[in-house]
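S.K.: Here you go, this is upload11.cif (mmCIF, C-alpha atoms and all ligand atoms).
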data_structure
loop_
_atom_site.label_atom_id
_atom_site.label_comp_id
_atom_site.auth_asym_id
_atom_site.auth_seq_id
_atom_site.Cartn_x
_atom_site.Cartn_y
_atom_site.Cartn_z
CA MET A 1 -118.30 63.72 148.94
CA ILE A 2 -117.17 61.44 146.11
CA PRO A 3 -119.44 61.63 143.05
CA LEU A 4 -120.46 57.94 143.19
CA PHE A 5 -121.85 58.42 146.71
CA GLU A 6 -123.75 61.54 145.64
CA THR A 7 -125.59 59.50 143.06
CA PHE A 8 -126.04 56.36 145.17
CA PRO A 9 -126.59 57.18 148.85
CA GLY A 10 -127.01 53.45 149.56
CA LEU A 11 -123.40 52.90 148.52
CA LYS A 12 -122.30 55.69 150.84
CA GLU A 13 -124.17 54.01 153.65
CA ASN A 14 -122.96 50.49 153.00
CA LEU A 15 -119.47 50.76 151.54
CA PRO A 16 -116.51 51.50 153.80
CA PHE A 17 -114.37 54.24 152.27
CA ILE A 18 -111.17 56.03 153.32
CA SER A 19 -109.97 59.08 151.44
CA LEU A 20 -106.38 58.52 150.26
CA CYS A 21 -106.54 60.43 146.98
CA ASP A 22 -106.45 64.02 145.91
CA LEU A 23 -109.42 64.04 143.53
CA PRO A 24 -110.44 64.91 140.90
CA THR A 25 -107.21 64.33 139.01
CA PRO A 26 -106.51 66.93 136.32
CA VAL A 27 -107.19 66.47 132.60
CA ILE A 28 -104.45 68.08 130.56
CA PRO A 29 -104.62 69.03 126.85
CA LEU A 30 -101.66 67.68 124.85
CA THR A 31 -101.90 70.26 122.08
CA LYS A 32 -98.41 69.91 120.62
CA LEU A 33 -98.57 66.14 120.55
CA ALA A 34 -102.07 66.13 118.99
CA LYS A 35 -100.82 68.36 116.17
CA LYS A 36 -97.69 66.32 115.66
CA VAL A 37 -99.48 62.97 115.28
CA ASP A 38 -102.68 64.21 113.59
CA ILE A 39 -105.26 63.77 116.32
CA LYS A 40 -108.03 66.41 116.38
CA GLU A 41 -107.74 66.88 120.16
CA LEU A 42 -105.77 64.85 122.70
CA TYR A 43 -106.13 64.93 126.49
CA LEU A 44 -104.38 63.12 129.32
CA LYS A 45 -106.24 62.11 132.50
CA GLN A 46 -103.47 62.39 135.03
CA ASP A 47 -104.10 59.54 137.48
CA GLY A 48 -100.36 59.71 138.13
CA LEU A 49 -101.36 62.39 140.62
CA THR A 50 -104.00 60.45 142.58
CA ALA A 51 -101.90 60.49 145.75
CA THR A 52 -98.51 61.15 147.34
CA PRO A 53 -95.93 59.81 147.81
CA PHE A 54 -97.10 57.15 145.38
CA GLY A 55 -100.00 57.69 143.00
CA GLY A 56 -101.28 55.91 139.91
CA ASN A 57 -104.41 53.84 139.41
CA LYS A 58 -104.07 51.45 142.35
CA VAL A 59 -104.75 54.12 144.96
CA ARG A 60 -108.34 54.66 143.77
CA LYS A 61 -108.95 50.96 144.42
CA LEU A 62 -107.23 51.09 147.80
CA GLU A 63 -109.64 53.79 149.04
CA PHE A 64 -112.26 51.02 149.13
CA LEU A 65 -110.03 48.00 149.79
CA LEU A 66 -108.16 49.35 152.81
CA ALA A 67 -111.44 50.72 154.20
CA GLU A 68 -112.98 47.26 153.93
CA ALA A 69 -109.91 45.75 155.60
CA GLN A 70 -110.23 48.22 158.48
CA SER A 71 -113.96 47.67 158.83
CA LYS A 72 -113.19 43.96 159.30
CA GLY A 73 -110.73 44.78 162.05
CA ALA A 74 -107.70 43.62 160.05
CA LYS A 75 -104.27 44.80 161.16
CA GLU A 76 -102.50 43.47 158.09
CA VAL A 77 -103.22 43.19 154.39
CA MET A 78 -101.73 40.58 152.07
CA THR A 79 -101.41 41.08 148.35
CA PHE A 80 -99.81 39.51 145.29
CA GLY A 81 -97.92 40.44 142.17
CA PHE A 82 -94.78 40.33 140.10
CA SER A 83 -91.67 41.60 141.83
CA GLY A 84 -91.90 45.13 140.37
CA SER A 85 -95.64 45.38 141.07
CA ASN A 86 -96.89 48.96 141.33
CA HIS A 87 -99.91 47.53 143.08
CA ALA A 88 -97.90 45.82 145.82
CA LEU A 89 -95.99 49.07 146.35
CA ALA A 90 -99.11 51.26 146.37
CA THR A 91 -100.65 48.87 148.90
CA ALA A 92 -97.55 48.97 151.12
CA VAL A 93 -97.37 52.79 151.05
CA HIS A 94 -101.04 53.47 151.71
CA ALA A 95 -101.57 50.62 154.19
CA LYS A 96 -98.82 52.18 156.26
CA GLN A 97 -100.49 55.59 156.01
CA VAL A 98 -103.62 54.16 157.61
CA GLY A 99 -101.71 52.18 160.23
CA MET A 100 -101.75 48.75 158.67
CA LYS A 101 -98.90 46.49 157.71
CA SER A 102 -98.71 45.00 154.28
CA ILE A 103 -97.40 41.60 153.22
CA SER A 104 -96.32 41.34 149.56
CA MET A 105 -96.27 37.88 147.98
CA LEU A 106 -94.22 38.15 144.80
CA VAL A 107 -93.10 36.09 141.80
CA PRO A 108 -90.20 36.96 139.47
CA GLN A 109 -90.49 39.09 136.35
CA THR A 110 -88.12 40.48 133.72
CA SER A 111 -85.66 42.77 135.41
CA HIS A 112 -85.83 46.57 134.90
CA PRO A 113 -84.53 49.45 137.04
CA TYR A 114 -88.08 50.23 138.23
CA VAL A 115 -88.39 46.73 139.73
CA GLU A 116 -85.54 47.41 142.17
CA ARG A 117 -86.85 50.92 142.84
CA ASN A 118 -90.30 49.62 143.73
CA LEU A 119 -88.90 46.89 145.98
CA ALA A 120 -86.64 49.37 147.76
CA MET A 121 -89.53 51.73 148.45
CA SER A 122 -91.74 48.85 149.64
CA ARG A 123 -89.03 47.88 152.12
CA GLN A 124 -88.62 51.48 153.19
CA VAL A 125 -92.29 51.71 154.18
CA GLY A 126 -92.04 48.47 156.14
CA ALA A 127 -93.70 45.93 153.87
CA GLU A 128 -92.99 42.29 154.62
CA ILE A 129 -91.90 40.79 151.32
CA HIS A 130 -91.84 37.11 150.33
CA PHE A 131 -90.52 35.84 147.00
CA TYR A 132 -91.59 32.62 145.31
CA PRO A 133 -90.14 31.06 142.16
CA ASN A 134 -93.55 30.45 140.50
CA PHE A 135 -97.33 30.57 141.03
CA ASP A 136 -97.56 27.08 142.56
CA ALA A 137 -94.95 27.95 145.17
CA LEU A 138 -96.74 31.26 145.76
CA GLU A 139 -99.98 29.44 146.48
CA ARG A 140 -98.34 27.10 148.99
CA GLY A 141 -96.45 30.04 150.52
CA THR A 142 -99.69 31.99 150.86
CA LYS A 143 -101.29 29.20 152.93
CA ARG A 144 -98.24 29.07 155.19
CA GLN A 145 -97.97 32.81 155.67
CA ARG A 146 -101.69 33.23 156.35
CA PHE A 147 -101.36 30.58 159.03
CA PHE A 148 -98.22 32.16 160.58
CA HIS A 149 -99.74 35.61 160.62
CA CYS A 150 -102.92 34.28 162.23
CA LEU A 151 -100.84 32.72 165.00
CA LYS A 152 -98.80 35.87 165.44
CA THR A 153 -101.56 38.50 165.40
CA PHE A 154 -104.69 36.40 166.19
CA LYS A 155 -106.20 37.90 163.06
CA SER A 156 -106.26 36.85 159.41
CA PRO A 157 -104.53 39.28 157.08
CA PHE A 158 -107.09 40.89 154.76
CA ILE A 159 -106.54 39.46 151.29
CA ILE A 160 -106.29 41.90 148.37
CA PRO A 161 -106.20 40.12 144.99
CA PRO A 162 -103.55 40.93 142.34
CA GLY A 163 -103.94 44.47 141.01
CA GLY A 164 -106.63 45.17 143.64
CA SER A 165 -109.17 43.95 141.09
CA SER A 166 -111.97 42.62 143.29
CA PRO A 167 -115.47 44.16 143.15
CA THR A 168 -114.49 46.32 146.13
CA GLY A 169 -111.37 47.62 144.35
CA VAL A 170 -113.09 48.07 140.99
CA THR A 171 -115.55 50.43 142.71
CA GLY A 172 -112.72 53.00 142.78
CA TYR A 173 -112.86 53.18 138.99
CA VAL A 174 -116.65 53.21 138.87
CA ASN A 175 -116.27 56.39 140.88
CA ALA A 176 -113.59 57.61 138.44
CA ALA A 177 -116.16 57.42 135.61
CA TYR A 178 -118.49 59.65 137.64
CA GLU A 179 -115.58 61.98 138.32
CA LEU A 180 -114.81 62.33 134.61
CA HIS A 181 -118.49 62.89 133.85
CA HIS A 182 -118.55 65.72 136.40
CA GLN A 183 -115.49 67.32 134.86
CA ILE A 184 -117.11 67.19 131.40
CA GLN A 185 -120.33 68.70 132.76
CA GLN A 186 -118.34 71.55 134.25
CA ASN A 187 -116.85 72.18 130.78
CA GLN A 188 -113.29 71.63 131.96
CA PHE A 189 -112.69 69.92 128.59
CA PRO A 190 -114.93 68.56 125.82
CA ARG A 191 -116.52 65.13 126.01
CA PRO A 192 -114.05 62.67 124.46
CA ASP A 193 -115.05 60.54 121.47
CA VAL A 194 -112.85 57.69 122.64
CA ILE A 195 -110.81 56.75 125.72
CA TYR A 196 -107.67 54.55 125.71
CA ILE A 197 -106.82 52.61 128.87
CA THR A 198 -104.36 49.90 129.92
CA LEU A 199 -105.73 46.40 130.58
CA GLY A 200 -103.82 44.46 133.25
CA THR A 201 -105.92 42.77 135.91
CA ALA A 202 -108.81 44.69 134.26
CA GLY A 203 -110.15 46.49 137.32
CA THR A 204 -109.44 49.92 135.90
CA PHE A 205 -111.15 49.20 132.57
CA VAL A 206 -114.10 47.33 134.10
CA GLY A 207 -114.73 50.09 136.65
CA LEU A 208 -114.85 52.77 133.97
CA LEU A 209 -117.06 50.62 131.77
CA ILE A 210 -119.55 50.05 134.60
CA GLY A 211 -119.52 53.74 135.46
CA PHE A 212 -120.20 54.87 131.89
CA LYS A 213 -122.95 52.30 131.44
CA ALA A 214 -124.55 53.35 134.72
CA LEU A 215 -124.39 56.97 133.57
CA ASP A 216 -125.73 55.91 130.19
CA ILE A 217 -122.98 57.77 128.38
CA ASN A 218 -121.71 56.05 125.33
CA ILE A 219 -118.00 56.80 125.09
CA PRO A 220 -116.07 53.85 123.64
CA ILE A 221 -113.24 52.68 125.90
CA VAL A 222 -110.34 50.95 124.16
CA PRO A 223 -108.57 48.50 126.50
CA VAL A 224 -104.96 47.75 125.51
CA ARG A 225 -103.68 44.41 126.76
CA VAL A 226 -100.41 44.33 128.74
CA VAL A 227 -100.81 40.90 130.38
CA ASP A 228 -101.11 37.45 128.84
CA ASP A 229 -104.46 36.31 127.47
CA ASP A 230 -104.24 33.20 129.70
CA PHE A 231 -104.01 35.42 132.74
CA MET A 232 -106.87 37.74 131.78
CA PRO A 233 -109.04 36.23 129.02
CA PRO A 234 -112.15 38.18 127.89
CA ALA A 235 -114.42 35.79 129.81
CA LYS A 236 -112.65 36.77 133.03
CA VAL A 237 -113.15 40.45 132.23
CA VAL A 238 -116.88 39.81 131.81
CA LYS A 239 -116.93 37.88 135.10
CA LEU A 240 -115.30 40.76 136.97
CA PHE A 241 -117.88 43.12 135.42
CA GLU A 242 -120.78 40.90 136.52
CA GLU A 243 -119.43 40.33 140.03
CA THR A 244 -118.90 44.05 140.52
CA VAL A 245 -122.42 44.93 139.31
CA THR A 246 -123.88 42.27 141.64
CA PHE A 247 -121.79 43.64 144.50
CA LEU A 248 -122.86 47.26 143.91
CA SER A 249 -126.54 46.44 143.49
CA SER A 250 -126.43 44.38 146.68
CA LYS A 251 -125.14 47.49 148.50
CA ASP A 252 -127.62 49.85 146.82
CA PRO A 253 -130.65 48.28 145.06
CA SER A 254 -130.98 51.40 142.88
CA PHE A 255 -127.66 50.59 141.20
CA PRO A 256 -128.63 49.40 137.68
CA LYS A 257 -128.34 45.69 136.84
CA LEU A 258 -125.95 46.24 133.95
CA THR A 259 -124.83 43.51 131.57
CA LEU A 260 -121.84 42.92 129.32
CA THR A 261 -121.20 40.32 126.62
CA VAL A 262 -117.81 39.07 125.45
CA ASP A 263 -118.61 40.45 121.96
CA GLU A 264 -118.76 44.00 123.29
CA LEU A 265 -115.11 43.76 124.36
CA GLN A 266 -112.65 44.90 121.72
CA ILE A 267 -109.42 44.23 123.56
CA ARG A 268 -106.37 45.38 121.61
CA ASP A 269 -103.84 42.55 121.77
CA GLU A 270 -101.34 43.69 119.18
CA PHE A 271 -99.22 45.94 121.42
CA PHE A 272 -98.49 43.28 124.04
CA GLY A 273 -95.28 41.97 122.44
CA GLU A 274 -93.44 38.99 123.88
CA GLY A 275 -94.86 39.02 127.38
CA TYR A 276 -95.69 40.89 130.56
CA ALA A 277 -93.07 43.57 131.30
CA GLU A 278 -91.23 42.73 128.06
CA PHE A 279 -90.78 46.16 126.55
CA THR A 280 -91.61 46.59 122.86
CA SER A 281 -89.98 48.88 120.31
CA GLN A 282 -93.38 50.45 119.57
CA GLY A 283 -93.92 51.04 123.28
CA ASN A 284 -90.46 52.54 123.67
CA ALA A 285 -91.06 54.84 120.70
CA ALA A 286 -94.38 55.96 122.22
CA ILE A 287 -92.64 56.73 125.54
CA GLU A 288 -90.04 58.76 123.66
CA THR A 289 -92.66 60.71 121.67
CA MET A 290 -94.61 61.61 124.82
CA LYS A 291 -91.45 62.59 126.67
CA GLU A 292 -89.93 64.81 124.00
CA THR A 293 -93.20 66.48 122.92
CA GLU A 294 -95.01 67.00 126.24
CA GLY A 295 -92.49 66.06 128.93
CA TYR A 296 -94.56 63.32 130.61
CA ASN A 297 -93.08 59.97 131.64
CA LEU A 298 -94.72 56.74 130.55
CA ASP A 299 -93.43 53.22 131.27
CA GLY A 300 -92.58 50.15 129.21
CA THR A 301 -94.75 47.63 131.08
CA TYR A 302 -98.10 49.45 131.00
CA THR A 303 -98.67 52.95 129.68
CA GLY A 304 -96.09 52.92 126.86
CA LYS A 305 -97.85 49.97 125.22
CA THR A 306 -101.20 51.71 125.64
CA PHE A 307 -99.98 54.95 124.15
CA ALA A 308 -98.46 52.96 121.26
CA ALA A 309 -102.05 51.97 120.41
CA VAL A 310 -103.07 55.64 120.31
CA LEU A 311 -100.15 56.50 118.01
CA GLU A 312 -100.82 53.54 115.72
CA ASP A 313 -104.49 54.48 115.34
CA ALA A 314 -103.48 58.09 114.71
CA LYS A 315 -100.98 56.96 112.09
CA ASN A 316 -103.74 55.07 110.32
CA GLY A 317 -105.84 58.23 110.18
CA LEU A 318 -108.49 56.93 112.59
CA LEU A 319 -108.20 59.80 115.06
CA LYS A 320 -107.93 62.90 112.88
CA ASP A 321 -111.57 63.80 113.55
CA LYS A 322 -111.60 62.54 117.14
CA LYS A 323 -111.25 63.97 120.61
CA VAL A 324 -109.10 61.38 122.35
CA LEU A 325 -108.56 60.88 126.08
CA PHE A 326 -105.51 58.89 127.14
CA TRP A 327 -106.04 57.73 130.72
CA ASN A 328 -102.62 57.71 132.39
CA THR A 329 -102.45 55.11 135.17
CA LEU A 330 -98.74 55.49 136.03
CA ASN A 331 -97.52 57.04 139.30
CA HIS A 332 -96.15 60.51 138.52
CA HIS A 333 -94.12 61.21 141.66
CA GLN A 334 -90.44 60.80 142.28
CA GLN A 335 -90.32 57.57 144.19
CA THR A 336 -88.93 58.67 147.47
CA ALA A 337 -90.91 57.76 150.52
CA GLU A 338 -90.68 61.19 152.06
C1 LIG G 1 -101.59 47.98 137.51
C2 LIG G 1 -101.37 48.97 136.42
C3 LIG G 1 -102.22 49.03 135.30
C4 LIG G 1 -103.29 48.02 135.06
O1 LIG G 1 -104.46 48.26 135.79
P1 LIG G 1 -105.48 47.06 136.01
O2 LIG G 1 -106.58 47.62 136.81
O3 LIG G 1 -104.71 45.97 136.70
O4 LIG G 1 -105.94 46.61 134.65
C5 LIG G 1 -102.01 50.02 134.36
N1 LIG G 1 -101.01 50.91 134.50
C6 LIG G 1 -100.17 50.88 135.54
C7 LIG G 1 -99.07 51.87 135.59
C8 LIG G 1 -100.31 49.91 136.54
O5 LIG G 1 -99.46 49.89 137.58
#
What do you get writing this file as structure tokens?
Ligand SMILES: *Cc1c(COP(=O)(O)O)cnc(C)c1O
M.R.:
Amino acid sequence: MIPLFETFPGLKENLPFISLCDLPTPVIPLTKLAKKVDIKELYLKQDGLTATPFGGNKVRKLEFLLAEAQSKGAKEVMTFGFSGSNHALATAVHAKQVGMKSISMLVPQTSHPYVERNLAMSRQVGAEIHFYPNFDALERGTKRQRFFHCLKTFKSPFIIPPGGSSPTGVTGYVNAAYELHHQIQQNQFPRPDVIYITLGTAGTFVGLLIGFKALDINIPIVPVRVVDDDFMPPAKVVKLFEETVTFLSSKDPSFPKLTLTVDELQIRDEFFGEGYAEFTSQGNAAIETMKETEGYNLDGTYTGKTFAAVLEDAKNGLLKDKKVLFWNTLNHHQQTAE
């Protein structure tokens, strides 16, 4: 049973869940890299290995989202993103695995090889893909497609928000906090002094934050921004936190009524660069350092920028006495559907 359900039987009773992941994901010491950049101890939480054939952070959210879709009798799910969206791809792959079709509603982004790769794999698993030139057109297109799909299947497609970051999706990362806590209790690795995580649609960060607060363990989590402040301002992060806590305590009244203020958030904005999916030289250097020292792949849109924050803080001597956990959210598998 997943650790969140062990602690909160009411959630087990009231929250639909389908197992898609191979959990817990491993935590790997990066000894060479820690020595090289003057961090006392450095570990990587390998959420690249959550699932096959496509892992990464979105699959933890989909364990709850696709289960909710099924419990509502949906045959199709509809989700949204930029054209290279890992989330849209993860949804397409895992929806298919549980017998549902996925509809991806996409807007353009800066071109990179991974964008084409993700689109090709989405097509390969049978996703229906619609492109729109901008968010206004996407909104109009969404109304039309919902209507068409209702006519065609007599059922509304189940709507999954961008990044899977609804209270239901965020629950996957509340569980991930419990999973990490378990691993620490079993002495698989020491309790980290600080955790670095990527902040996109914020579900990953917010889920961990709720989990740690519920567990009453005080490990600072450093969120590193990779999307525009207009898209995910701090107030919206707080709102997602509050909605998720309300959701969980409505499913199990013993879930604590946690709170968060904007002042508690210390979002790191300085690694974002020119825009979403605009690679930065610092991010590229961080990818290179990880690759040549430890052999792991990071990416320029998300995890490279996050790891750049780790390296910058190490360079400034802030981590030489610290045990640091870098939470890797990037799919680790070769992207072939089979
Ligand atoms: C989507 C994504 C993120 C961001 O996660 P959010 O929950 O949207 O903040 C981070 N890393 C990778 C590789 C992603 O695909």
S.K.: Neighbours of ligand LIG 1 (chain G) within 9 Å, counting all atoms listed in the file, as a PyMOL selection string?
M.R.: chain A and resi 48+56-58+61+85-87+90+162-165+169-170+173+197-207+223+225-227+298-299+301-303+306+328-331
S.K.: Which one of A:Gln145, A:Ser250, A:Asn14, A:Gln183 sits closest to A:Ser71 if you count only C-alpha atoms?
M.R.: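 The closest residue to A:Ser71 is A:Asn14.
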S.K.: Taking 4 positions as the minimum chain separation for residues in the same chain, which residues sit within 7 Å of stretch 238-243 of chain A when counting all atoms listed in the file? Answer as an MDAnalysis selection string.
M.R.: chainID A and resid 167 206 234 247 259:262
S.K.: Please list as a PyMOL selection string every residue within 10 Å of A:Thr31, counting all atoms listed in the file and excluding residues in the same chain fewer than 3 positions away.
M.R.: chain A and resi 28+34-36+39-43+293-294
S.K.: Under the rule of at most 12 Å, produce a per-residue listing of stretch 156-197 of chain A near stretch 100-118 of chain A: chain, number, name, the closest pair of atoms, and the distance in Å, as a tab-separated table, using only C-alpha atoms.
M.R.:
residue	atom	partner	partner_atom	distance
A:Ser156	CA	A:Ile103	CA	11.8
A:Pro157	CA	A:Ile103	CA	8.4
A:Phe158	CA	A:Ser102	CA	9.3
A:Ile159	CA	A:Ile103	CA	9.6
A:Ile160	CA	A:Ser104	CA	10.1
A:Pro161	CA	A:Met105	CA	10.6
A:Pro162	CA	A:Met105	CA	9.7
A:Gly163	CA	A:Ser104	CA	11.9
S.K.: Can you work out the spacing between atom CA of A:Gln188 and atom CA of A:Val27 in Å, to one decimal?
M.R.: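 Atom CA of A:Gln188 sits 8.0 Å away from atom CA of A:Val27.
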S.K.: Looking at A:Leu44, A:Met232, A:Leu208, A:Leu319, which one is nearest to A:Pro29, with distances taken over all atoms listed in the file?
M.R.: A:Leu44
S.K.: Counting only C-alpha atoms, figure out which residue out of A:His332, A:Ala120, A:Pro24, A:Glu288 gets nearest to A:Asn175.
M.R.: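 For A:Asn175, the nearest of the given residues is A:Pro24.
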S.K.: Give me, as a list in words, all polymer residues having an atom no more than 8 Å from A:Thr25, counting only C-alpha atoms and skipping those fewer than 6 positions away in the same chain.
M.R.: Lys45, Gln46, Asp47, Leu49 and Thr50 of chain A
